[in-house]
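What follows is my_file-v3.csv (CSV, C-alpha atoms).
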chain,number,residue,atom,x,y,z
A,28,MET,CA,19.7,43.4,-15.2
A,29,LYS,CA,17.4,41.1,-13.3
A,30,THR,CA,14.6,42.6,-11.3
A,31,ALA,CA,11.8,40.8,-9.3
A,32,VAL,CA,8.3,41.8,-8.0
A,33,VAL,CA,7.0,39.9,-5.1
A,34,THR,CA,3.3,39.0,-4.9
A,35,PHE,CA,1.6,38.3,-1.6
A,36,PRO,CA,-2.0,37.1,-1.3
A,37,GLY,CA,-3.8,40.5,-1.4
A,38,SER,CA,-1.1,42.4,-3.3
A,39,ASN,CA,-2.8,44.6,-5.9
A,40,CYS,CA,-0.1,46.9,-7.2
A,41,ASP,CA,2.2,44.1,-8.3
A,42,ARG,CA,1.2,44.3,-12.0
A,43,ASP,CA,1.8,48.1,-12.0
A,44,MET,CA,5.2,47.6,-10.4
A,45,TRP,CA,6.0,44.9,-12.9
A,46,THR,CA,5.1,47.1,-15.8
A,47,ALA,CA,7.1,50.1,-14.4
A,48,LEU,CA,10.2,47.9,-14.0
A,49,ARG,CA,9.8,46.4,-17.5
A,50,ASP,CA,9.3,49.8,-19.1
A,51,VAL,CA,12.2,51.4,-17.5
A,52,SER,CA,14.6,48.5,-17.5
A,53,GLY,CA,13.6,47.1,-20.9
A,54,ARG,CA,13.5,43.6,-19.4
A,55,GLU,CA,10.6,41.6,-17.9
A,56,PRO,CA,10.9,41.3,-14.1
A,57,VAL,CA,10.7,37.9,-12.5
A,58,LYS,CA,7.4,37.3,-10.6
A,59,VAL,CA,8.0,35.9,-7.2
A,60,TRP,CA,5.3,34.3,-5.1
A,61,HIS,CA,5.2,34.8,-1.3
A,62,GLY,CA,5.3,31.0,-0.7
A,63,ASP,CA,8.5,30.5,-2.6
A,64,ALA,CA,11.3,29.7,-0.2
A,65,ASP,CA,14.1,31.0,-2.4
A,66,LEU,CA,14.6,34.0,-4.7
A,67,PRO,CA,15.9,33.6,-8.2
A,68,ASP,CA,19.7,33.8,-8.4
A,69,ASP,CA,21.6,37.0,-9.3
A,70,LEU,CA,18.7,39.4,-8.7
A,71,ASP,CA,19.8,43.0,-9.0
A,72,PHE,CA,16.6,44.6,-7.6
A,73,ILE,CA,13.6,43.4,-5.6
A,74,ALA,CA,10.3,45.3,-5.3
A,75,LEU,CA,7.6,44.8,-2.8
A,76,PRO,CA,4.3,46.2,-4.2
A,77,GLY,CA,1.3,47.8,-2.6
A,78,GLY,CA,-1.9,46.2,-1.7
A,79,PHE,CA,-3.4,44.5,1.3
A,80,SER,CA,-1.3,41.4,1.9
A,81,TYR,CA,-3.1,38.8,3.9
A,82,GLY,CA,-6.1,41.2,4.2
A,83,ASP,CA,-4.1,43.4,6.6
A,84,TYR,CA,-4.7,40.7,9.3
A,85,LEU,CA,-3.2,41.5,12.7
A,86,ARG,CA,-1.4,44.6,11.4
A,87,SER,CA,-0.7,45.9,7.9
A,88,GLY,CA,2.3,43.9,6.6
A,89,ALA,CA,2.7,41.8,9.7
A,90,MET,CA,1.7,38.5,8.1
A,91,ALA,CA,3.6,39.1,4.9
A,92,ALA,CA,6.7,39.9,6.9
A,93,ASN,CA,6.7,36.4,8.2
A,94,SER,CA,6.0,34.7,4.9
A,95,PRO,CA,8.5,32.2,3.5
A,96,ILE,CA,9.9,34.5,0.8
A,97,MET,CA,10.7,37.3,3.3
A,98,ARG,CA,13.5,35.3,4.9
A,99,SER,CA,15.3,35.2,1.6
A,100,ILE,CA,14.5,38.9,1.0
A,101,VAL,CA,16.0,39.9,4.4
A,102,THR,CA,19.1,37.9,3.6
A,103,ALA,CA,19.4,39.5,0.2
A,104,ALA,CA,18.8,43.0,1.6
A,105,ASN,CA,21.5,42.4,4.2
A,106,ARG,CA,23.8,41.3,1.4
A,107,GLY,CA,23.2,44.6,-0.3
A,108,VAL,CA,20.6,43.8,-2.9
A,109,PRO,CA,18.5,47.0,-3.5
A,110,VAL,CA,14.9,46.5,-2.2
A,111,LEU,CA,12.0,48.9,-2.7
A,112,GLY,CA,8.8,48.7,-0.7
A,113,VAL,CA,5.9,50.8,-1.8
A,114,CYS,CA,2.8,51.3,0.4
A,115,ASN,CA,2.0,47.9,1.7
A,116,GLY,CA,5.6,47.0,0.7
A,117,PHE,CA,6.8,49.7,3.1
A,118,GLN,CA,4.6,48.3,5.8
A,119,VAL,CA,6.1,44.9,5.2
A,120,LEU,CA,9.7,46.2,5.4
A,121,THR,CA,9.1,47.9,8.7
A,122,GLU,CA,7.4,44.7,10.1
A,123,ALA,CA,10.3,42.6,8.8
A,124,GLY,CA,12.7,44.9,10.6
A,125,LEU,CA,14.5,46.1,7.5
A,126,LEU,CA,13.4,49.6,8.1
A,127,PRO,CA,12.7,51.3,11.5
A,128,GLY,CA,9.4,52.6,12.7
A,129,ALA,CA,5.8,51.6,12.0
A,130,LEU,CA,2.9,52.7,9.8
A,131,MET,CA,-0.2,53.4,11.8
A,132,ARG,CA,-3.8,54.3,10.9
A,133,ASN,CA,-4.0,57.7,9.1
A,134,ALA,CA,-4.6,60.4,11.7
A,135,GLY,CA,-7.8,61.4,9.9
A,136,GLN,CA,-9.0,57.8,10.0
A,137,THR,CA,-9.9,57.9,6.3
A,138,PHE,CA,-8.4,56.1,3.4
A,139,ILE,CA,-6.6,58.6,1.3
A,140,CYS,CA,-6.4,58.2,-2.5
A,141,ARG,CA,-5.1,61.2,-4.3
A,142,THR,CA,-2.0,62.7,-5.9
A,143,VAL,CA,0.1,64.6,-3.3
A,144,PRO,CA,3.1,66.9,-3.5
A,145,LEU,CA,6.3,65.4,-2.0
A,146,THR,CA,9.6,67.1,-1.3
A,147,VAL,CA,12.8,65.1,-2.3
A,148,GLU,CA,14.9,65.3,0.8
A,149,ASN,CA,17.9,63.3,-0.3
A,150,SER,CA,19.0,63.2,-3.9
A,151,GLN,CA,22.2,61.3,-3.3
A,152,SER,CA,20.7,57.9,-2.7
A,153,LEU,CA,20.5,54.9,-5.0
A,154,PHE,CA,16.8,55.5,-5.4
A,155,THR,CA,16.7,59.3,-5.8
A,156,ALA,CA,19.9,60.2,-7.7
A,157,ARG,CA,17.9,61.5,-10.7
A,158,TYR,CA,16.0,64.0,-8.6
A,159,GLU,CA,17.1,67.4,-7.3
A,160,ALA,CA,17.4,67.9,-3.5
A,161,GLY,CA,14.4,70.0,-2.4
A,162,GLU,CA,12.5,69.4,-5.6
A,163,GLU,CA,8.8,69.1,-5.3
A,164,ILE,CA,7.2,66.1,-7.2
A,165,ARG,CA,3.7,64.8,-7.4
A,166,ILE,CA,3.0,61.1,-6.7
A,167,PRO,CA,-0.3,59.3,-5.9
A,168,VAL,CA,-0.9,57.9,-2.5
A,169,ALA,CA,-3.6,55.3,-1.7
A,170,HIS,CA,-3.5,54.1,1.9
A,171,HIS,CA,-5.3,53.8,5.2
A,172,ASP,CA,-2.3,53.0,7.3
A,173,GLY,CA,0.4,55.5,6.2
A,174,ASN,CA,0.9,57.4,9.4
A,175,TYR,CA,4.7,57.0,10.0
A,176,PHE,CA,5.7,56.6,13.6
A,177,ALA,CA,9.1,56.3,15.2
A,178,GLU,CA,10.5,57.5,18.5
A,179,ASP,CA,12.2,60.9,18.5
A,180,GLU,CA,15.7,59.5,18.7
A,181,VAL,CA,15.0,57.2,15.6
A,182,LEU,CA,13.7,60.2,13.7
A,183,ASP,CA,16.7,62.3,14.7
A,184,ARG,CA,19.0,59.6,13.5
A,185,LEU,CA,17.1,59.2,10.2
A,186,GLU,CA,17.3,62.9,9.6
A,187,GLY,CA,20.9,63.2,10.7
A,188,GLU,CA,22.0,60.5,8.4
A,189,GLY,CA,20.1,61.8,5.4
A,190,ARG,CA,17.8,58.7,5.4
A,191,VAL,CA,14.6,60.6,4.9
A,192,ALA,CA,14.1,60.2,1.1
A,193,PHE,CA,10.8,62.0,0.8
A,194,ARG,CA,8.5,64.2,2.9
A,195,TYR,CA,4.9,65.2,2.3
A,196,ALA,CA,4.9,68.8,1.3
A,197,GLU,CA,1.5,68.8,2.9
A,198,ASN,CA,1.1,66.2,5.6
A,199,CYS,CA,-1.9,64.1,4.6
A,200,ASN,CA,-1.8,61.3,7.1
A,201,GLY,CA,-0.2,62.5,10.4
A,202,SER,CA,3.2,61.0,9.7
A,203,ARG,CA,5.8,62.2,12.2
A,204,ARG,CA,8.0,65.0,10.7
A,205,ASP,CA,6.0,64.6,7.4
A,206,ILE,CA,8.0,61.5,6.5
A,207,ALA,CA,6.8,59.8,3.3
A,208,GLY,CA,9.8,57.5,2.6
A,209,ILE,CA,13.0,56.4,4.4
A,210,ILE,CA,16.2,54.5,3.6
A,211,ASN,CA,18.0,51.9,5.6
A,212,ALA,CA,21.5,52.6,7.1
A,213,SER,CA,23.3,50.9,4.3
A,214,GLY,CA,21.3,52.8,1.7
A,215,ASN,CA,20.0,49.8,-0.3
A,216,VAL,CA,16.4,49.6,1.1
A,217,LEU,CA,13.8,52.3,0.5
A,218,GLY,CA,10.3,52.2,1.9
A,219,MET,CA,7.7,54.8,0.9
A,220,MET,CA,3.9,55.1,1.1
A,221,PRO,CA,3.4,57.1,-2.2
A,222,HIS,CA,3.2,55.0,-5.4
A,223,PRO,CA,5.9,56.0,-7.9
A,224,GLU,CA,4.8,53.1,-10.2
A,225,ARG,CA,1.5,54.9,-10.7
A,226,ALA,CA,3.3,57.9,-12.1
A,227,ILE,CA,5.7,56.7,-14.8
A,228,GLU,CA,4.0,58.1,-18.0
A,229,ASP,CA,2.1,61.2,-18.8
A,230,ASP,CA,-1.1,59.2,-19.3
A,231,HIS,CA,-1.0,58.5,-15.6
A,232,GLY,CA,-1.5,62.2,-15.0
A,233,GLY,CA,2.2,62.7,-14.3
A,234,SER,CA,5.5,60.9,-14.6
A,235,ASP,CA,7.4,62.1,-11.6
A,236,GLY,CA,7.8,58.6,-10.3
A,237,ARG,CA,9.7,57.5,-13.4
A,238,ARG,CA,13.0,59.0,-12.2
A,239,LEU,CA,13.0,56.8,-9.1
A,240,PHE,CA,13.1,53.7,-11.3
A,241,GLU,CA,15.6,55.4,-13.6
A,242,SER,CA,17.7,56.2,-10.6
A,243,ILE,CA,17.9,52.7,-9.2
A,244,LEU,CA,17.9,50.8,-12.5
A,245,GLY,CA,20.3,53.3,-14.0
A,246,GLU,CA,22.7,52.8,-11.2
A,247,LEU,CA,22.6,49.1,-11.8
A,248,VAL,CA,23.2,49.1,-15.5
B,16,MET,CA,-4.2,26.3,28.7
B,17,LYS,CA,-6.0,29.5,27.7
B,18,ILE,CA,-4.0,32.6,27.3
B,19,ARG,CA,-5.1,36.1,26.7
B,20,ILE,CA,-2.7,38.5,25.0
B,21,HIS,CA,-3.7,42.1,25.6
B,22,VAL,CA,-2.1,44.4,23.1
B,23,SER,CA,-2.3,48.2,23.6
B,24,LEU,CA,-0.7,51.2,22.0
B,25,LYS,CA,2.2,52.6,24.0
B,26,PRO,CA,1.6,55.7,26.0
B,27,GLY,CA,2.4,58.7,23.8
B,28,VAL,CA,1.5,57.0,20.5
B,29,LEU,CA,-1.4,58.8,19.0
B,30,ASP,CA,-4.6,56.7,18.7
B,31,PRO,CA,-6.8,58.3,16.1
B,32,GLN,CA,-9.3,55.5,16.4
B,33,GLY,CA,-9.6,56.0,20.1
B,34,ARG,CA,-9.9,59.7,19.7
B,35,ALA,CA,-12.8,59.3,17.2
B,36,VAL,CA,-14.6,56.9,19.6
B,37,HIS,CA,-14.0,59.4,22.4
B,38,HIS,CA,-15.7,62.1,20.3
B,39,ALA,CA,-18.6,59.7,19.6
B,40,LEU,CA,-19.1,58.9,23.2
B,41,GLU,CA,-19.2,62.6,24.0
B,42,GLY,CA,-21.7,63.0,21.1
B,43,LEU,CA,-23.9,60.4,22.8
B,44,GLY,CA,-23.9,62.5,25.9
B,45,PHE,CA,-21.6,60.4,28.1
B,46,ALA,CA,-19.8,62.9,30.3
B,47,GLY,CA,-16.6,62.4,32.2
B,48,VAL,CA,-14.7,60.2,29.7
B,49,ASP,CA,-11.2,61.6,29.8
B,50,ASP,CA,-9.5,59.4,27.2
B,51,VAL,CA,-10.1,56.4,25.0
B,52,ARG,CA,-7.4,54.0,23.8
B,53,ILE,CA,-8.2,51.0,21.6
B,54,GLY,CA,-6.2,47.8,21.7
B,55,ARG,CA,-6.6,44.2,20.7
B,56,LEU,CA,-7.3,41.0,22.6
B,57,ILE,CA,-5.8,37.8,21.2
B,58,GLU,CA,-7.0,34.6,22.8
B,59,LEU,CA,-4.7,31.6,22.5
B,60,ASP,CA,-5.4,27.9,23.4
B,61,VAL,CA,-1.9,26.4,23.9
B,62,ALA,CA,-0.4,23.2,25.3
B,63,ASP,CA,-0.2,23.2,29.1
B,64,ASP,CA,3.6,22.9,29.0
B,65,THR,CA,4.0,26.1,26.9
B,66,SER,CA,6.7,28.1,28.5
B,67,ASP,CA,6.4,31.8,29.5
B,68,ALA,CA,9.5,32.3,27.3
B,69,ALA,CA,7.6,30.9,24.3
B,70,LEU,CA,4.6,33.1,24.9
B,71,THR,CA,6.8,36.2,25.2
B,72,ASP,CA,8.5,35.2,22.0
B,73,MET,CA,5.2,34.9,20.2
B,74,CYS,CA,4.3,38.4,21.3
B,75,GLU,CA,7.7,39.9,20.4
B,76,LYS,CA,7.9,38.2,17.0
B,77,LEU,CA,4.4,38.5,15.8
B,78,LEU,CA,1.5,39.3,18.0
B,79,ALA,CA,2.6,42.8,19.0
B,80,ASN,CA,4.7,45.4,17.2
B,81,THR,CA,6.9,46.6,20.0
B,82,VAL,CA,7.7,49.8,18.1
B,83,ILE,CA,4.2,51.1,18.9
B,84,GLU,CA,2.5,48.5,21.1
B,85,ASN,CA,2.8,47.0,24.6
B,86,TYR,CA,1.5,43.6,25.4
B,87,ARG,CA,0.4,41.8,28.6
B,88,ILE,CA,0.1,38.0,28.8
B,89,GLU,CA,-2.7,36.7,31.0
B,90,LYS,CA,-3.2,33.1,31.9
B,91,VAL,CA,-6.8,32.3,32.2
B,92,ALA,CA,-7.9,29.9,35.0
B,93,ALA,CA,-9.5,26.9,33.5

Please re-express this file's structure in structure tokens.
Amino acid sequence: MKTAVVTFPGSNCDRDMWTALRDVSGREPVKVWHGDADLPDDLDFIALPGGFSYGDYLRSGAMAANSPIMRSIVTAANRGVPVLGVCNGFQVLTEAGLLPGALMRNAGQTFICRTVPLTVENSQSLFTARYEAGEEIRIPVAHHDGNYFAEDEVLDRLEGEGRVAFRYAENCNGSRRDIAGIINASGNVLGMMPHPERAIEDDHGGSDGRRLFESILGELV
Amino acid sequence: MKIRIHVSLKPGVLDPQGRAVHHALEGLGFAGVDDVRIGRLIELDVADDTSDAALTDMCEKLLANTVIENYRIEKVAA
């Protein structure tokens, strides 16, 4: 299995993501730079990490969504390659049009950095198969712009199609309908604000994020 | 040619920043402020033959996020 982690200028969770993928897959992920035009061949999984790509200039994720590597990532995602975007990676995926909606400034205006309870809404997806539906898990969040917004009809469609992967058990940022993570229509792209890569071993204070990587990487084995 | 792109949050989209500033204005004793919405002004200096279509394209593809924002293109008299 061949995985990759993309680094944009200002990414700061790329190393954690890389370590999580290595630990769970047993193989070192490829490091991809934002300025690369092409992705390595035969990638099985691409992760966009958290951070503050391009200093959050213009809007969080807006500049990264237009970086050279994103054209290849959009092509790969449309071809069915699984893509995970965490935090800033989620913002990049919405800005790139791979996921609907937008991430706005937290309703409380403050940066939130703490471990929060999430409810697993869909346990049938590529990314969540190792969880139980309705299960409550604890995953850290660390963001200023995590307030998920989409129009009502988009939210209805996401819910109707089982594309809400995770909700906040306690809404921490004003996200509409408590949405913490969503999946695209074909089921191969997940964006989420909480950081599963920061919860893969007990020394992290919890390992509830590990099963997300086991789900996706297990499916690919 | 100088262009101003006015980017504003769509009506109905909550603006926590605007709300906080609204509270602050009230705290300073300014009465009669019903609402505050915060947007962004982007100034461009472009070639004179830049088409309206190209300016619209710039807004749609990058300068505004049309999921949550409206934009208005203003040509500034030289």

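Here CA of Ala104 in chain A and CA of Gly236 in chain A stand 22.5 Å from one another.
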
Distance criterion (all atoms listed in the file): nearest to Val28 in chain B out of A:Ala134, A:Arg194, A:Asp229, A:Gly245: A:Ala134

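The smallest atom-to-atom distance between Phe193 in chain A and any of A:Gly82, A:Gly214, A:Pro167, A:Pro221, using all atoms listed in the file, is found for A:Pro221.
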
Nearby residues (all atoms listed in the file) at most 12 Å from Ala196 in chain A, same-chain spacing under 2 positions excluded, as a list in words: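 Surrounding residues, per the criterion: Thr142, Val143, Pro144, Leu145, Thr146, Val147, Glu148, Gly161, Glu162, Glu163, Ile164, Arg165, Ile166, Phe193, Arg194, Asn198, Cys199, Asn200, Ser202, Arg204, Asp205, Ile206 and Ala207 of chain A.
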
Selected residues, C-alpha atoms, written as a PDB file, keeping the file's coordinate frame, please.
ATOM      1  CA  THR A 142      -2.000  62.700  -5.900  1.00  0.00           C
ATOM      2  CA  VAL A 143       0.100  64.600  -3.300  1.00  0.00           C
ATOM      3  CA  PRO A 144       3.100  66.900  -3.500  1.00  0.00           C
ATOM      4  CA  LEU A 145       6.300  65.400  -2.000  1.00  0.00           C
ATOM      5  CA  THR A 146       9.600  67.100  -1.300  1.00  0.00           C
ATOM      6  CA  VAL A 147      12.800  65.100  -2.300  1.00  0.00           C
ATOM      7  CA  GLU A 148      14.900  65.300   0.800  1.00  0.00           C
ATOM      8  CA  GLY A 161      14.400  70.000  -2.400  1.00  0.00           C
ATOM      9  CA  GLU A 162      12.500  69.400  -5.600  1.00  0.00           C
ATOM     10  CA  GLU A 163       8.800  69.100  -5.300  1.00  0.00           C
ATOM     11  CA  ILE A 164       7.200  66.100  -7.200  1.00  0.00           C
ATOM     12  CA  ARG A 165       3.700  64.800  -7.400  1.00  0.00           C
ATOM     13  CA  ILE A 166       3.000  61.100  -6.700  1.00  0.00           C
ATOM     14  CA  PHE A 193      10.800  62.000   0.800  1.00  0.00           C
ATOM     15  CA  ARG A 194       8.500  64.200   2.900  1.00  0.00           C
ATOM     16  CA  ASN A 198       1.100  66.200   5.600  1.00  0.00           C
ATOM     17  CA  CYS A 199      -1.900  64.100   4.600  1.00  0.00           C
ATOM     18  CA  ASN A 200      -1.800  61.300   7.100  1.00  0.00           C
ATOM     19  CA  SER A 202       3.200  61.000   9.700  1.00  0.00           C
ATOM     20  CA  ARG A 204       8.000  65.000  10.700  1.00  0.00           C
ATOM     21  CA  ASP A 205       6.000  64.600   7.400  1.00  0.00           C
ATOM     22  CA  ILE A 206       8.000  61.500   6.500  1.00  0.00           C
ATOM     23  CA  ALA A 207       6.800  59.800   3.300  1.00  0.00           C
TER      24      ALA A 207
END

Once you count all atoms listed in the file, which residues of chain A turn out to be within 10 Å of chain B? Could you give them as a short mmCIF file (atom, residue, chain, number, x, y, z; two decimals) with C-alpha atoms, in the coordinates of the input?
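Generated output (selection_0.cif):
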data_model
loop_
_atom_site.label_atom_id
_atom_site.label_comp_id
_atom_site.auth_asym_id
_atom_site.auth_seq_id
_atom_site.Cartn_x
_atom_site.Cartn_y
_atom_site.Cartn_z
CA LEU A 85 -3.20 41.50 12.70
CA ARG A 86 -1.40 44.60 11.40
CA ALA A 89 2.70 41.80 9.70
CA MET A 90 1.70 38.50 8.10
CA ALA A 92 6.70 39.90 6.90
CA ASN A 93 6.70 36.40 8.20
CA THR A 121 9.10 47.90 8.70
CA GLU A 122 7.40 44.70 10.10
CA ALA A 123 10.30 42.60 8.80
CA PRO A 127 12.70 51.30 11.50
CA GLY A 128 9.40 52.60 12.70
CA ALA A 129 5.80 51.60 12.00
CA LEU A 130 2.90 52.70 9.80
CA MET A 131 -0.20 53.40 11.80
CA ARG A 132 -3.80 54.30 10.90
CA ASN A 133 -4.00 57.70 9.10
CA ALA A 134 -4.60 60.40 11.70
CA GLY A 135 -7.80 61.40 9.90
CA GLN A 136 -9.00 57.80 10.00
CA ASN A 174 0.90 57.40 9.40
CA PHE A 176 5.70 56.60 13.60
CA ALA A 177 9.10 56.30 15.20
CA GLU A 178 10.50 57.50 18.50
CA GLY A 201 -0.20 62.50 10.40
#

Option closest in space to Ser52 in chain A, from A:Tyr158, A:Phe117, A:Phe138, A:Phe72 [counting all atoms listed in the file]: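 Among the listed residues, the smallest separation from Ser52 in chain A belongs to A:Phe72.
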
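CA of Lys58 in chain A is positioned 14.5 Å from CA of Met28 in chain A.
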
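Closest to His61 in chain A among A:Cys114, A:Ala91, A:Val108, A:Ile139 is A:Ala91, based on all atoms listed in the file.
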
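Using all atoms listed in the file, the smallest distance between any of A:Leu217, A:Val168, A:Ile100, A:Val57 and Gly78 in chain A comes from A:Val168.
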
Residues near Tyr86 in chain B, cut-off 10 Å, only C-alpha atoms, skip fewer than 3 positions along chain, as a VMD selection string: chain B and resid 20 to 25 54 to 56 71 74 to 75 78 to 81 89

Straight-line distance linking CA of Val51 in chain B with CA of Ser87 in chain A, stated in Å to one decimal: 22.2 Å

Spatial neighbours of Ile18 in chain B, 7 Å, all atoms listed in the file, chain gap at least 4 places, as an NGL selection string: :B and (58-60 or 88-91)

What would the file look like if the residues just selected were written as a compact mmCIF listing (two decimals), in the coordinates of the input with C-alpha atoms?
# COMPACT_ATOMS: atom_id res chain seq x y z
CA GLU B 58 -7.00 34.60 22.80
CA LEU B 59 -4.70 31.60 22.50
CA ASP B 60 -5.40 27.90 23.40
CA ILE B 88 0.10 38.00 28.80
CA GLU B 89 -2.70 36.70 31.00
CA LYS B 90 -3.20 33.10 31.90
CA VAL B 91 -6.80 32.30 32.20

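If only C-alpha atoms are the atoms counted, then among B:Met73, B:Glu84, B:Gly33, B:Lys17 the closest residue to Ile53 in chain B is B:Gly33.
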
Residue contacts of Gly88 in chain A (8 Å, only C-alpha atoms) excluding same-chain residues fewer than 6 positions away, as a list in words: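 Close residues of Gly88 in chain A: Phe79, Ser80, Tyr81, Asn115, Gly116, Gln118, Val119, Leu120 and Glu122 of chain A.
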
For the residues selected in the previous step, produce a file with C-alpha atoms as a compact mmCIF listing (two decimals), in the frame of the given file.
# COMPACT_ATOMS: atom_id res chain seq x y z
CA PHE A 79 -3.40 44.50 1.30
CA SER A 80 -1.30 41.40 1.90
CA TYR A 81 -3.10 38.80 3.90
CA ASN A 115 2.00 47.90 1.70
CA GLY A 116 5.60 47.00 0.70
CA GLN A 118 4.60 48.30 5.80
CA VAL A 119 6.10 44.90 5.20
CA LEU A 120 9.70 46.20 5.40
CA GLU A 122 7.40 44.70 10.10

Glu55 in chain A environment, 9 Å, all atoms listed in the file, sequence neighbours closer than 2 positions dropped, as a list in words: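 Listed by chain and then number, they are Lys29, Thr30, Ala31, Trp45, Thr46, Leu48, Arg49, Asp50, Ser52, Gly53 and Val57 of chain A.
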
Take range 82-104 of chain A, bring it up to N, CA and C atoms, and give me the output as a PDB file, in the coordinates of the input.
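Wrote result-v4.pdb, looks like this:
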ATOM      1  N   GLY A  82      -4.903  40.444   3.701  1.00  0.00           N
ATOM      2  CA  GLY A  82      -6.100  41.200   4.200  1.00  0.00           C
ATOM      3  C   GLY A  82      -5.752  42.121   5.342  1.00  0.00           C
ATOM      4  N   ASP A  83      -4.472  42.520   5.472  1.00  0.00           N
ATOM      5  CA  ASP A  83      -4.100  43.400   6.600  1.00  0.00           C
ATOM      6  C   ASP A  83      -4.378  42.727   7.953  1.00  0.00           C
ATOM      7  N   TYR A  84      -4.473  41.418   7.980  1.00  0.00           N
ATOM      8  CA  TYR A  84      -4.700  40.700   9.300  1.00  0.00           C
ATOM      9  C   TYR A  84      -3.677  41.087  10.276  1.00  0.00           C
ATOM     10  N   LEU A  85      -4.075  41.182  11.520  1.00  0.00           N
ATOM     11  CA  LEU A  85      -3.200  41.500  12.700  1.00  0.00           C
ATOM     12  C   LEU A  85      -2.752  42.963  12.601  1.00  0.00           C
ATOM     13  N   ARG A  86      -1.838  43.267  11.686  1.00  0.00           N
ATOM     14  CA  ARG A  86      -1.400  44.600  11.400  1.00  0.00           C
ATOM     15  C   ARG A  86      -1.008  44.655   9.924  1.00  0.00           C
ATOM     16  N   SER A  87      -1.104  45.802   9.267  1.00  0.00           N
ATOM     17  CA  SER A  87      -0.700  45.900   7.900  1.00  0.00           C
ATOM     18  C   SER A  87       0.738  45.387   7.714  1.00  0.00           C
ATOM     19  N   GLY A  88       0.929  44.401   6.883  1.00  0.00           N
ATOM     20  CA  GLY A  88       2.300  43.900   6.600  1.00  0.00           C
ATOM     21  C   GLY A  88       2.823  42.888   7.557  1.00  0.00           C
ATOM     22  N   ALA A  89       2.121  42.660   8.667  1.00  0.00           N
ATOM     23  CA  ALA A  89       2.700  41.800   9.700  1.00  0.00           C
ATOM     24  C   ALA A  89       2.751  40.321   9.247  1.00  0.00           C
ATOM     25  N   MET A  90       1.720  39.875   8.558  1.00  0.00           N
ATOM     26  CA  MET A  90       1.700  38.500   8.100  1.00  0.00           C
ATOM     27  C   MET A  90       2.727  38.281   6.983  1.00  0.00           C
ATOM     28  N   ALA A  91       2.726  39.209   6.041  1.00  0.00           N
ATOM     29  CA  ALA A  91       3.600  39.100   4.900  1.00  0.00           C
ATOM     30  C   ALA A  91       5.098  39.095   5.375  1.00  0.00           C
ATOM     31  N   ALA A  92       5.369  39.866   6.432  1.00  0.00           N
ATOM     32  CA  ALA A  92       6.700  39.900   6.900  1.00  0.00           C
ATOM     33  C   ALA A  92       7.236  38.593   7.417  1.00  0.00           C
ATOM     34  N   ASN A  93       6.298  37.708   7.716  1.00  0.00           N
ATOM     35  CA  ASN A  93       6.700  36.400   8.200  1.00  0.00           C
ATOM     36  C   ASN A  93       6.438  35.289   7.163  1.00  0.00           C
ATOM     37  N   SER A  94       6.199  35.683   5.920  1.00  0.00           N
ATOM     38  CA  SER A  94       6.000  34.700   4.900  1.00  0.00           C
ATOM     39  C   SER A  94       7.315  34.094   4.452  1.00  0.00           C
ATOM     40  N   PRO A  95       7.282  32.893   3.868  1.00  0.00           N
ATOM     41  CA  PRO A  95       8.500  32.200   3.500  1.00  0.00           C
ATOM     42  C   PRO A  95       9.514  33.061   2.691  1.00  0.00           C
ATOM     43  N   ILE A  96       9.014  33.786   1.695  1.00  0.00           N
ATOM     44  CA  ILE A  96       9.900  34.500   0.800  1.00  0.00           C
ATOM     45  C   ILE A  96      10.661  35.633   1.552  1.00  0.00           C
ATOM     46  N   MET A  97      10.061  36.133   2.632  1.00  0.00           N
ATOM     47  CA  MET A  97      10.700  37.300   3.300  1.00  0.00           C
ATOM     48  C   MET A  97      12.019  36.922   3.954  1.00  0.00           C
ATOM     49  N   ARG A  98      12.166  35.672   4.362  1.00  0.00           N
ATOM     50  CA  ARG A  98      13.500  35.300   4.900  1.00  0.00           C
ATOM     51  C   ARG A  98      14.570  35.486   3.895  1.00  0.00           C
ATOM     52  N   SER A  99      14.276  35.063   2.671  1.00  0.00           N
ATOM     53  CA  SER A  99      15.300  35.200   1.600  1.00  0.00           C
ATOM     54  C   SER A  99      15.471  36.692   1.257  1.00  0.00           C
ATOM     55  N   ILE A 100      14.393  37.477   1.343  1.00  0.00           N
ATOM     56  CA  ILE A 100      14.500  38.900   1.000  1.00  0.00           C
ATOM     57  C   ILE A 100      15.347  39.626   2.068  1.00  0.00           C
ATOM     58  N   VAL A 101      15.148  39.273   3.335  1.00  0.00           N
ATOM     59  CA  VAL A 101      16.000  39.900   4.400  1.00  0.00           C
ATOM     60  C   VAL A 101      17.431  39.535   4.187  1.00  0.00           C
ATOM     61  N   THR A 102      17.690  38.283   3.858  1.00  0.00           N
ATOM     62  CA  THR A 102      19.100  37.900   3.600  1.00  0.00           C
ATOM     63  C   THR A 102      19.661  38.649   2.428  1.00  0.00           C
ATOM     64  N   ALA A 103      18.888  38.761   1.352  1.00  0.00           N
ATOM     65  CA  ALA A 103      19.400  39.500   0.200  1.00  0.00           C
ATOM     66  C   ALA A 103      19.619  40.947   0.487  1.00  0.00           C
ATOM     67  N   ALA A 104      18.683  41.550   1.228  1.00  0.00           N
ATOM     68  CA  ALA A 104      18.800  43.000   1.600  1.00  0.00           C
ATOM     69  C   ALA A 104      20.089  43.168   2.427  1.00  0.00           C
TER      70      ALA A 104
END
